[in-house]
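**Student:** Input file: my_file24.txt. Contents: compact mmCIF, C-alpha atoms and all ligand atoms.
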# COMPACT_ATOMS: atom_id res chain seq x y z
CA MET A 149 -61.56 -55.95 -46.92
CA ARG A 150 -58.66 -54.33 -48.61
CA VAL A 151 -55.15 -54.98 -47.36
CA THR A 152 -52.33 -52.66 -48.19
CA LEU A 153 -48.88 -54.12 -47.77
CA ARG A 154 -46.45 -51.62 -46.45
CA ARG A 155 -43.33 -51.91 -48.50
CA PRO A 156 -40.00 -50.64 -47.27
CA ARG A 157 -39.27 -47.25 -48.69
CA LEU A 158 -36.43 -48.20 -50.95
CA SER A 159 -35.60 -44.66 -51.89
CA ASP A 160 -34.89 -43.83 -48.23
CA LEU A 161 -32.74 -46.88 -47.73
CA ARG A 162 -30.77 -46.13 -50.88
CA THR A 163 -30.17 -42.57 -49.81
CA ARG A 164 -28.95 -43.71 -46.41
CA SER A 165 -26.63 -46.30 -47.94
CA ALA A 166 -25.24 -43.73 -50.31
CA LEU A 167 -24.57 -41.34 -47.44
CA LEU A 168 -22.87 -44.05 -45.42
CA ALA A 169 -20.71 -44.98 -48.40
CA ALA A 170 -19.84 -41.33 -48.94
CA GLY A 171 -18.97 -40.98 -45.27
CA VAL A 172 -16.58 -43.90 -45.36
CA GLY A 173 -15.10 -42.62 -48.57
CA THR A 174 -14.54 -39.16 -47.15
CA ALA A 175 -12.86 -40.52 -44.05
CA ALA A 176 -10.59 -42.69 -46.14
CA VAL A 177 -9.67 -39.83 -48.44
CA LEU A 178 -9.05 -37.46 -45.57
CA GLY A 179 -6.92 -40.11 -43.90
CA ALA A 180 -4.82 -40.45 -47.01
CA GLY A 181 -4.52 -36.69 -47.27
CA ALA A 182 -3.35 -36.43 -43.69
CA ALA A 183 -0.75 -39.12 -44.25
CA PHE A 184 0.42 -37.33 -47.39
CA ALA A 185 0.72 -34.08 -45.49
CA ALA A 186 2.64 -35.73 -42.67
CA GLU A 187 5.13 -37.25 -45.09
CA THR A 188 5.85 -34.04 -46.94
CA GLY A 189 5.68 -31.82 -43.88
CA THR A 190 3.44 -29.28 -45.64
CA THR A 191 -0.30 -29.05 -46.02
CA ALA A 192 -1.62 -25.97 -47.73
CA ALA A 193 1.03 -25.66 -50.43
CA LYS A 194 0.69 -29.19 -51.79
CA PRO A 195 -2.00 -30.01 -54.32
CA VAL A 196 -4.68 -32.33 -53.04
CA THR A 197 -7.00 -34.64 -54.95
CA ALA A 198 -10.26 -33.28 -56.24
CA THR A 199 -12.18 -35.68 -54.00
CA THR A 200 -10.38 -34.45 -50.90
CA SER A 201 -10.88 -30.79 -51.67
CA SER A 202 -14.55 -31.26 -52.43
CA ALA A 203 -14.93 -33.25 -49.22
CA VAL A 204 -13.14 -30.50 -47.31
CA ALA A 205 -15.25 -27.87 -49.01
CA ALA A 206 -18.41 -29.76 -48.13
CA GLN A 207 -17.26 -30.05 -44.54
CA ALA A 208 -16.44 -26.34 -44.36
CA GLN A 209 -19.81 -25.52 -45.81
CA ALA A 210 -21.54 -27.74 -43.24
CA GLN A 211 -19.58 -26.08 -40.43
CA ALA A 212 -20.42 -22.62 -41.70
CA LYS A 213 -24.08 -23.57 -41.88
CA ALA A 214 -23.96 -24.97 -38.33
CA ALA A 215 -22.34 -21.77 -37.08
CA GLU A 216 -24.97 -19.73 -38.88
CA THR A 217 -27.76 -21.75 -37.29
CA LYS A 218 -26.16 -21.36 -33.87
CA ALA A 219 -25.81 -17.60 -34.32
CA ALA A 220 -29.38 -17.31 -35.52
CA ALA A 221 -30.63 -19.24 -32.49
CA LYS A 222 -29.05 -16.74 -30.12
CA PRO A 223 -31.48 -14.05 -28.99
CA ALA A 224 -30.45 -10.73 -30.49
CA ALA A 225 -30.71 -8.95 -27.15
CA ALA A 226 -28.36 -11.32 -25.32
CA LYS A 227 -25.24 -9.58 -24.13
CA PRO A 228 -21.98 -11.48 -23.80
CA ALA A 229 -21.56 -12.60 -20.18
CA ALA A 230 -19.10 -10.42 -18.28
CA ALA A 231 -15.83 -12.25 -17.79
CA ALA A 232 -15.45 -13.60 -14.27
CA THR A 233 -11.88 -12.34 -14.11
CA ALA A 234 -10.71 -9.07 -15.65
CA SER A 235 -7.53 -9.02 -17.74
CA THR A 236 -5.85 -7.46 -14.70
CA GLY A 237 -6.36 -10.75 -12.79
CA TRP A 238 -8.93 -9.14 -10.47
CA SER A 239 -12.46 -10.40 -9.95
CA LYS A 240 -15.51 -10.17 -7.69
CA PRO A 241 -15.38 -11.69 -4.19
CA VAL A 242 -18.63 -13.64 -4.77
CA ALA A 243 -20.25 -14.78 -8.02
CA ASP A 244 -23.95 -14.04 -7.41
CA TYR A 245 -25.00 -11.33 -4.99
CA ALA A 246 -27.01 -8.21 -4.41
CA LEU A 247 -25.10 -5.11 -3.36
CA SER A 248 -26.52 -4.03 0.00
CA ALA A 249 -24.99 -1.51 2.40
CA THR A 250 -22.47 0.61 0.55
CA TYR A 251 -19.20 2.20 1.60
CA GLY A 252 -19.63 5.40 3.61
CA ASN A 253 -23.20 4.63 4.74
CA SER A 254 -24.17 5.86 8.20
CA GLY A 255 -26.29 3.64 10.38
CA SER A 256 -26.82 2.06 13.76
CA MET A 257 -24.78 -0.99 12.72
CA TRP A 258 -21.52 0.94 12.57
CA ALA A 259 -19.67 2.99 15.15
CA SER A 260 -18.59 5.40 12.42
CA LYS A 261 -19.34 5.17 8.71
CA HIS A 262 -19.60 1.82 6.97
CA SER A 263 -16.03 0.87 6.09
CA GLY A 264 -16.83 -1.54 3.29
CA GLN A 265 -19.30 -2.84 0.74
CA ASP A 266 -21.81 -5.51 1.71
CA PHE A 267 -22.66 -8.31 -0.70
CA ALA A 268 -25.92 -10.03 0.26
CA VAL A 269 -25.37 -13.77 -0.22
CA PRO A 270 -26.65 -16.89 1.57
CA SER A 271 -24.39 -18.32 4.28
CA GLY A 272 -21.96 -20.86 2.84
CA THR A 273 -21.36 -18.98 -0.43
CA PRO A 274 -17.76 -19.43 -1.67
CA VAL A 275 -15.75 -16.24 -1.07
CA LYS A 276 -12.85 -15.65 -3.46
CA SER A 277 -9.76 -13.50 -3.24
CA VAL A 278 -10.37 -10.52 -5.54
CA GLY A 279 -6.78 -10.61 -6.76
CA PRO A 280 -3.50 -12.46 -6.44
CA GLY A 281 -1.75 -11.97 -3.11
CA THR A 282 -0.69 -13.26 0.29
CA VAL A 283 -2.96 -13.91 3.27
CA VAL A 284 -1.85 -11.62 6.13
CA LYS A 285 -4.74 -12.14 8.58
CA ALA A 286 -7.17 -15.04 9.01
CA GLY A 287 -9.33 -16.07 11.94
CA PRO A 288 -11.98 -15.14 14.53
CA ASN A 289 -12.54 -11.69 16.11
CA GLY A 290 -11.98 -10.03 12.77
CA ALA A 291 -8.57 -11.72 12.66
CA GLY A 292 -7.39 -9.04 15.08
CA ASP A 293 -9.58 -6.13 13.89
CA GLY A 294 -12.38 -6.62 16.42
CA SER A 295 -15.18 -9.04 17.18
CA ALA A 296 -17.68 -7.01 15.15
CA TYR A 297 -16.18 -8.49 11.98
CA GLY A 298 -16.63 -12.10 13.11
CA ASN A 299 -14.38 -14.51 11.23
CA ALA A 300 -12.28 -12.55 8.76
CA VAL A 301 -9.47 -12.75 6.20
CA VAL A 302 -7.13 -10.01 4.94
CA VAL A 303 -5.11 -10.50 1.73
CA LYS A 304 -2.19 -8.27 0.70
CA HIS A 305 -2.05 -7.37 -3.01
CA GLY A 306 1.00 -5.20 -3.61
CA ASP A 307 0.05 -1.81 -2.14
CA VAL A 308 -3.58 -2.55 -1.18
CA TYR A 309 -5.30 -5.09 1.04
CA SER A 310 -8.68 -6.78 0.70
CA GLN A 311 -10.70 -7.78 3.74
CA TYR A 312 -13.57 -10.30 3.96
CA ALA A 313 -15.74 -10.49 7.10
CA HIS A 314 -18.66 -12.25 8.88
CA LEU A 315 -17.39 -15.55 7.40
CA SER A 316 -18.83 -18.90 8.46
CA SER A 317 -15.55 -20.64 7.70
CA VAL A 318 -11.99 -19.59 6.84
CA ASN A 319 -10.16 -21.80 4.31
CA VAL A 320 -6.71 -20.15 4.29
CA LYS A 321 -3.79 -19.56 6.68
CA VAL A 322 -1.55 -16.53 7.24
CA GLY A 323 1.36 -16.60 4.79
CA GLN A 324 -0.56 -18.54 2.14
CA GLN A 325 -0.28 -17.34 -1.47
CA VAL A 326 -3.61 -17.05 -3.26
CA SER A 327 -4.50 -16.33 -6.85
CA GLY A 328 -7.28 -14.03 -8.03
CA GLY A 329 -10.58 -15.89 -7.92
CA GLU A 330 -9.29 -18.57 -5.55
CA GLN A 331 -11.71 -19.59 -2.79
CA ILE A 332 -10.51 -18.42 0.62
CA ALA A 333 -13.63 -18.79 2.80
CA LEU A 334 -17.36 -19.36 3.04
CA SER A 335 -19.64 -16.42 3.75
CA GLY A 336 -21.69 -16.28 6.92
CA ASN A 337 -23.26 -14.15 9.61
CA THR A 338 -20.60 -14.05 12.36
CA GLY A 339 -19.83 -10.95 14.45
CA ASN A 340 -21.96 -7.81 14.37
CA SER A 341 -24.06 -8.75 11.38
CA SER A 342 -27.75 -8.19 10.69
CA GLY A 343 -28.06 -11.20 8.39
CA PRO A 344 -26.01 -13.42 6.08
CA HIS A 345 -23.72 -11.32 3.88
CA LEU A 346 -20.11 -10.73 2.96
CA HIS A 347 -18.59 -7.51 4.28
CA PHE A 348 -15.78 -6.54 1.92
CA GLU A 349 -13.14 -3.82 2.31
CA ILE A 350 -10.18 -2.50 0.37
CA ARG A 351 -7.60 -1.01 2.72
CA THR A 352 -4.31 0.81 2.33
CA THR A 353 -2.84 -1.11 5.30
CA PRO A 354 -3.74 -4.53 6.79
CA ASP A 355 -5.60 -2.81 9.64
CA TYR A 356 -9.02 -1.39 10.42
CA GLY A 357 -9.33 2.36 9.82
CA THR A 358 -7.61 2.54 6.43
CA ALA A 359 -10.49 1.56 4.15
CA ILE A 360 -11.08 3.18 0.79
CA ASP A 361 -14.14 2.82 -1.51
CA PRO A 362 -13.93 -0.86 -2.49
CA ILE A 363 -16.31 -0.72 -5.46
CA SER A 364 -14.39 2.16 -7.06
CA TYR A 365 -11.18 0.27 -6.49
CA LEU A 366 -12.45 -2.97 -8.07
CA ARG A 367 -13.81 -1.05 -11.04
CA SER A 368 -10.43 0.64 -11.48
CA GLN A 369 -9.02 -2.89 -11.79
CA GLY A 370 -11.45 -3.71 -14.60
CA VAL A 371 -13.98 -5.66 -12.51
CA THR A 372 -17.64 -5.29 -13.52
CA LEU A 373 -19.98 -5.07 -10.51
ZN ZN B 401 -20.52 -4.31 6.01
The structure given in the file should be rewritten as C-alpha cells.
**Tutor:**
Amino acid sequence: MRVTLRRPRLSDLRTRSALLAAGVGTAAVLGAGAAFAAETGTTAAKPVTATTSSAVAAQAQAQAKAAETKAAAKPAAAKPAAAATASTGWSKPVADYALSATYGNSGSMWASKHSGQDFAVPSGTPVKSVGPGTVVKAGPNGAGDGSAYGNAVVVKHGDVYSQYAHLSSVNVKVGQQVSGGEQIALSGNTGNSSGPHLHFEIRTTPDYGTAIDPISYLRSQGVTL
C-alpha cells in the first residue's frame, strides 16, 4: 500500500503572507500620506512617496477593474429605472399598478364620463401625493364630493388639485402640508367601485366637475406613466 503524505502547499501560504504584508504596508503608507496631507492642508499638489503612489495606482486600477466587471455583468438591454420622482417634484400616486379605466371613458359606472384615471392596485396599497401641497379635503363620502367616491383626499398644488378616491384608509387631515411622494392614504374599494383600485383626478378647483385629463397633466410635470 502506498501512502502519499499531503504536504501543505507552501507556495500558497507564502503568497497569502506576502499579500497580507503588502496590505498592512499599504494601509500604513496611506495613513502616513493622509497625515501628511492633513498637516500641509493640500493633497494633490504635494509630492508623495513612490510607494504611496504605486499603492494608490494599484487601488485605482482595482477599482476600475471592479467597475468594468460590474458594467459587463449588466444586461445590455436593461434600461435605467425611471426615477420615482421627476425633477419637478411630481410623481405617480402609486408605485406598481395597471392603468385601467381612463379619463373620459363612458360606462355604466359613471353618471357622465369618467372624471379620472383608475390605477388597478390591491387594497392597502400606499397612495402618495403626486406633488407638494396642502390637504384641502379628507374623509368619507368623497370628502364632500359624494358617496360614490368613498373615502377620498384632495390636495391643493398651486393652481391645480389632485384627488384620490375609494380609499380604505385616510392618513392625512385638512390643512396638513404634504410633500410629493408622501403617503397620504391606503387604496381600497369604498364607494361606487367595481373592485380594488385608486381613482385619481386632477382638478382645476377642489370640487367635483372640474377634472382635466390627469395622465396628460402628470406627464406635463415630467412623470413617466
Ligand atoms: Zn375611476
**Student:** Using only C-alpha atoms and all ligand atoms, determine which residues fall within 10 Å of ligand ZN 401 (chain B), then list them as a PyMOL selection string.
**Tutor:** chain A and resi 248-251+253+257-258+261-268+296-297+312-314+340-342+345-349
**Student:** Include C-alpha atoms and write out the residues we just selected as a PDB file, in the frame of the given file.
**Tutor:**
ATOM      1  CA  SER A 248     -26.520  -4.030   0.000  1.00  0.00           C
ATOM      2  CA  ALA A 249     -24.990  -1.510   2.400  1.00  0.00           C
ATOM      3  CA  THR A 250     -22.470   0.610   0.550  1.00  0.00           C
ATOM      4  CA  TYR A 251     -19.200   2.200   1.600  1.00  0.00           C
ATOM      5  CA  ASN A 253     -23.200   4.630   4.740  1.00  0.00           C
ATOM      6  CA  MET A 257     -24.780  -0.990  12.720  1.00  0.00           C
ATOM      7  CA  TRP A 258     -21.520   0.940  12.570  1.00  0.00           C
ATOM      8  CA  LYS A 261     -19.340   5.170   8.710  1.00  0.00           C
ATOM      9  CA  HIS A 262     -19.600   1.820   6.970  1.00  0.00           C
ATOM     10  CA  SER A 263     -16.030   0.870   6.090  1.00  0.00           C
ATOM     11  CA  GLY A 264     -16.830  -1.540   3.290  1.00  0.00           C
ATOM     12  CA  GLN A 265     -19.300  -2.840   0.740  1.00  0.00           C
ATOM     13  CA  ASP A 266     -21.810  -5.510   1.710  1.00  0.00           C
ATOM     14  CA  PHE A 267     -22.660  -8.310  -0.700  1.00  0.00           C
ATOM     15  CA  ALA A 268     -25.920 -10.030   0.260  1.00  0.00           C
ATOM     16  CA  ALA A 296     -17.680  -7.010  15.150  1.00  0.00           C
ATOM     17  CA  TYR A 297     -16.180  -8.490  11.980  1.00  0.00           C
ATOM     18  CA  TYR A 312     -13.570 -10.300   3.960  1.00  0.00           C
ATOM     19  CA  ALA A 313     -15.740 -10.490   7.100  1.00  0.00           C
ATOM     20  CA  HIS A 314     -18.660 -12.250   8.880  1.00  0.00           C
ATOM     21  CA  ASN A 340     -21.960  -7.810  14.370  1.00  0.00           C
ATOM     22  CA  SER A 341     -24.060  -8.750  11.380  1.00  0.00           C
ATOM     23  CA  SER A 342     -27.750  -8.190  10.690  1.00  0.00           C
ATOM     24  CA  HIS A 345     -23.720 -11.320   3.880  1.00  0.00           C
ATOM     25  CA  LEU A 346     -20.110 -10.730   2.960  1.00  0.00           C
ATOM     26  CA  HIS A 347     -18.590  -7.510   4.280  1.00  0.00           C
ATOM     27  CA  PHE A 348     -15.780  -6.540   1.920  1.00  0.00           C
ATOM     28  CA  GLU A 349     -13.140  -3.820   2.310  1.00  0.00           C
TER      29      GLU A 349
END
**Student:** Fewer than 2 positions away in the same chain doesn't count, so skip those; otherwise give me all residues within 8 Å of Lys285 (chain A), counting only C-alpha atoms, as a PyMOL selection string.
**Tutor:** chain A and resi 283+287+291-292+300-303+321-322+354
**Student:** Could you please give me, as a list in words, the residues of protein, DNA or RNA lying at most 10 Å from (-26.4, -16.5, -6.1) in the coordinate frame of the file, considering all atoms listed in the file?
**Tutor:** Val242, Ala243, Asp244, Tyr245, Ala246, Ala268, Val269, Pro270 and Thr273 of chain A
**Student:** Find, counting all atoms listed in the file, the residue in A:Asn289, A:Val278, A:Asn319, A:Arg351 that gets nearest to Ala234 (chain A).
**Tutor:**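 Smallest distance to Ala234 (chain A) is found for A:Val278.
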**Student:** Provide the CA of Trp238 (chain A) to CA of Ala359 (chain A) distance in Å, to one decimal place.
**Tutor:**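 Going from CA of Trp238 (chain A) over to CA of Ala359 (chain A), I get 18.2 Å.
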**Student:** Grab the CA of Tyr309 (chain A) to CA of Ser335 (chain A) distance for me, in Å with one decimal place.
**Tutor:**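 Straight-line distance from CA of Tyr309 (chain A) to CA of Ser335 (chain A) works out to 18.5 Å.
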**Student:** Hey, what's within 9 Å of Thr236 (chain A) if we count all atoms listed in the file and toss same-chain stuff fewer than 6 positions away? As a PDB file with C-alpha atoms, in the frame of the given file, please?
**Tutor:**
ATOM      1  CA  GLY A 279      -6.780 -10.610  -6.760  1.00  0.00           C
ATOM      2  CA  GLN A 369      -9.020  -2.890 -11.790  1.00  0.00           C
ATOM      3  CA  GLY A 370     -11.450  -3.710 -14.600  1.00  0.00           C
ATOM      4  CA  VAL A 371     -13.980  -5.660 -12.510  1.00  0.00           C
TER       5      VAL A 371
END
**Student:** Pick the closest to Gly294 (chain A) from A:Gly357, A:Ser239, A:Ala333, A:Val308: which is it, counting all atoms listed in the file?
**Tutor:**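 Checking each of A:Gly357, A:Ser239, A:Ala333, A:Val308 against Gly294 (chain A), counting all atoms listed in the file, the winner is A:Gly357.
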**Student:** For CA of Ser295 (chain A) and CA of Leu247 (chain A), quote the distance in Å rounded to one decimal.
**Tutor:** 23.1 Å
**Student:** Taking the block just given, write region 297-314 of chain A to a file that holds N, CA and C atoms, as a PDB file, in the first residue's frame.
**Tutor:**
ATOM      1  N   TYR A 297     -67.542  58.285  -4.376  1.00  0.00           N
ATOM      2  CA  TYR A 297     -66.069  58.294  -4.280  1.00  0.00           C
ATOM      3  C   TYR A 297     -65.537  57.510  -3.074  1.00  0.00           C
ATOM      4  N   GLY A 298     -66.444  57.169  -2.133  1.00  0.00           N
ATOM      5  CA  GLY A 298     -65.963  56.505  -0.920  1.00  0.00           C
ATOM      6  C   GLY A 298     -65.068  57.446  -0.133  1.00  0.00           C
ATOM      7  N   ASN A 299     -64.098  56.900   0.577  1.00  0.00           N
ATOM      8  CA  ASN A 299     -63.146  57.749   1.308  1.00  0.00           C
ATOM      9  C   ASN A 299     -62.230  58.434   0.296  1.00  0.00           C
ATOM     10  N   ALA A 300     -62.049  59.749   0.469  1.00  0.00           N
ATOM     11  CA  ALA A 300     -61.262  60.486  -0.519  1.00  0.00           C
ATOM     12  C   ALA A 300     -60.393  61.566   0.117  1.00  0.00           C
ATOM     13  N   VAL A 301     -59.400  61.986  -0.656  1.00  0.00           N
ATOM     14  CA  VAL A 301     -58.492  63.078  -0.248  1.00  0.00           C
ATOM     15  C   VAL A 301     -58.340  64.006  -1.451  1.00  0.00           C
ATOM     16  N   VAL A 302     -58.304  65.313  -1.195  1.00  0.00           N
ATOM     17  CA  VAL A 302     -57.977  66.296  -2.234  1.00  0.00           C
ATOM     18  C   VAL A 302     -56.810  67.137  -1.720  1.00  0.00           C
ATOM     19  N   VAL A 303     -55.784  67.282  -2.568  1.00  0.00           N
ATOM     20  CA  VAL A 303     -54.594  68.074  -2.220  1.00  0.00           C
ATOM     21  C   VAL A 303     -54.486  69.246  -3.197  1.00  0.00           C
ATOM     22  N   LYS A 304     -54.232  70.433  -2.643  1.00  0.00           N
ATOM     23  CA  LYS A 304     -54.055  71.633  -3.479  1.00  0.00           C
ATOM     24  C   LYS A 304     -52.569  71.803  -3.779  1.00  0.00           C
ATOM     25  N   HIS A 305     -52.253  71.954  -5.094  1.00  0.00           N
ATOM     26  CA  HIS A 305     -50.863  72.186  -5.513  1.00  0.00           C
ATOM     27  C   HIS A 305     -50.876  73.471  -6.333  1.00  0.00           C
ATOM     28  N   GLY A 306     -50.678  74.595  -5.740  1.00  0.00           N
ATOM     29  CA  GLY A 306     -50.701  75.838  -6.516  1.00  0.00           C
ATOM     30  C   GLY A 306     -52.038  75.994  -7.206  1.00  0.00           C
ATOM     31  N   ASP A 307     -52.068  75.933  -8.552  1.00  0.00           N
ATOM     32  CA  ASP A 307     -53.317  76.177  -9.281  1.00  0.00           C
ATOM     33  C   ASP A 307     -54.060  74.911  -9.703  1.00  0.00           C
ATOM     34  N   VAL A 308     -53.594  73.734  -9.315  1.00  0.00           N
ATOM     35  CA  VAL A 308     -54.363  72.512  -9.583  1.00  0.00           C
ATOM     36  C   VAL A 308     -54.535  71.714  -8.296  1.00  0.00           C
ATOM     37  N   TYR A 309     -55.455  70.751  -8.364  1.00  0.00           N
ATOM     38  CA  TYR A 309     -55.780  69.918  -7.210  1.00  0.00           C
ATOM     39  C   TYR A 309     -55.717  68.458  -7.651  1.00  0.00           C
ATOM     40  N   SER A 310     -55.231  67.597  -6.772  1.00  0.00           N
ATOM     41  CA  SER A 310     -55.265  66.162  -7.072  1.00  0.00           C
ATOM     42  C   SER A 310     -56.261  65.513  -6.132  1.00  0.00           C
ATOM     43  N   GLN A 311     -56.992  64.530  -6.660  1.00  0.00           N
ATOM     44  CA  GLN A 311     -57.993  63.840  -5.856  1.00  0.00           C
ATOM     45  C   GLN A 311     -57.757  62.342  -5.908  1.00  0.00           C
ATOM     46  N   TYR A 312     -57.944  61.665  -4.773  1.00  0.00           N
ATOM     47  CA  TYR A 312     -57.673  60.238  -4.612  1.00  0.00           C
ATOM     48  C   TYR A 312     -58.925  59.634  -3.986  1.00  0.00           C
ATOM     49  N   ALA A 313     -59.501  58.589  -4.607  1.00  0.00           N
ATOM     50  CA  ALA A 313     -60.780  58.079  -4.106  1.00  0.00           C
ATOM     51  C   ALA A 313     -60.829  56.560  -3.970  1.00  0.00           C
ATOM     52  N   HIS A 314     -61.910  56.089  -3.327  1.00  0.00           N
ATOM     53  CA  HIS A 314     -62.177  54.673  -2.996  1.00  0.00           C
ATOM     54  C   HIS A 314     -61.166  54.137  -1.969  1.00  0.00           C
TER      55      HIS A 314
END
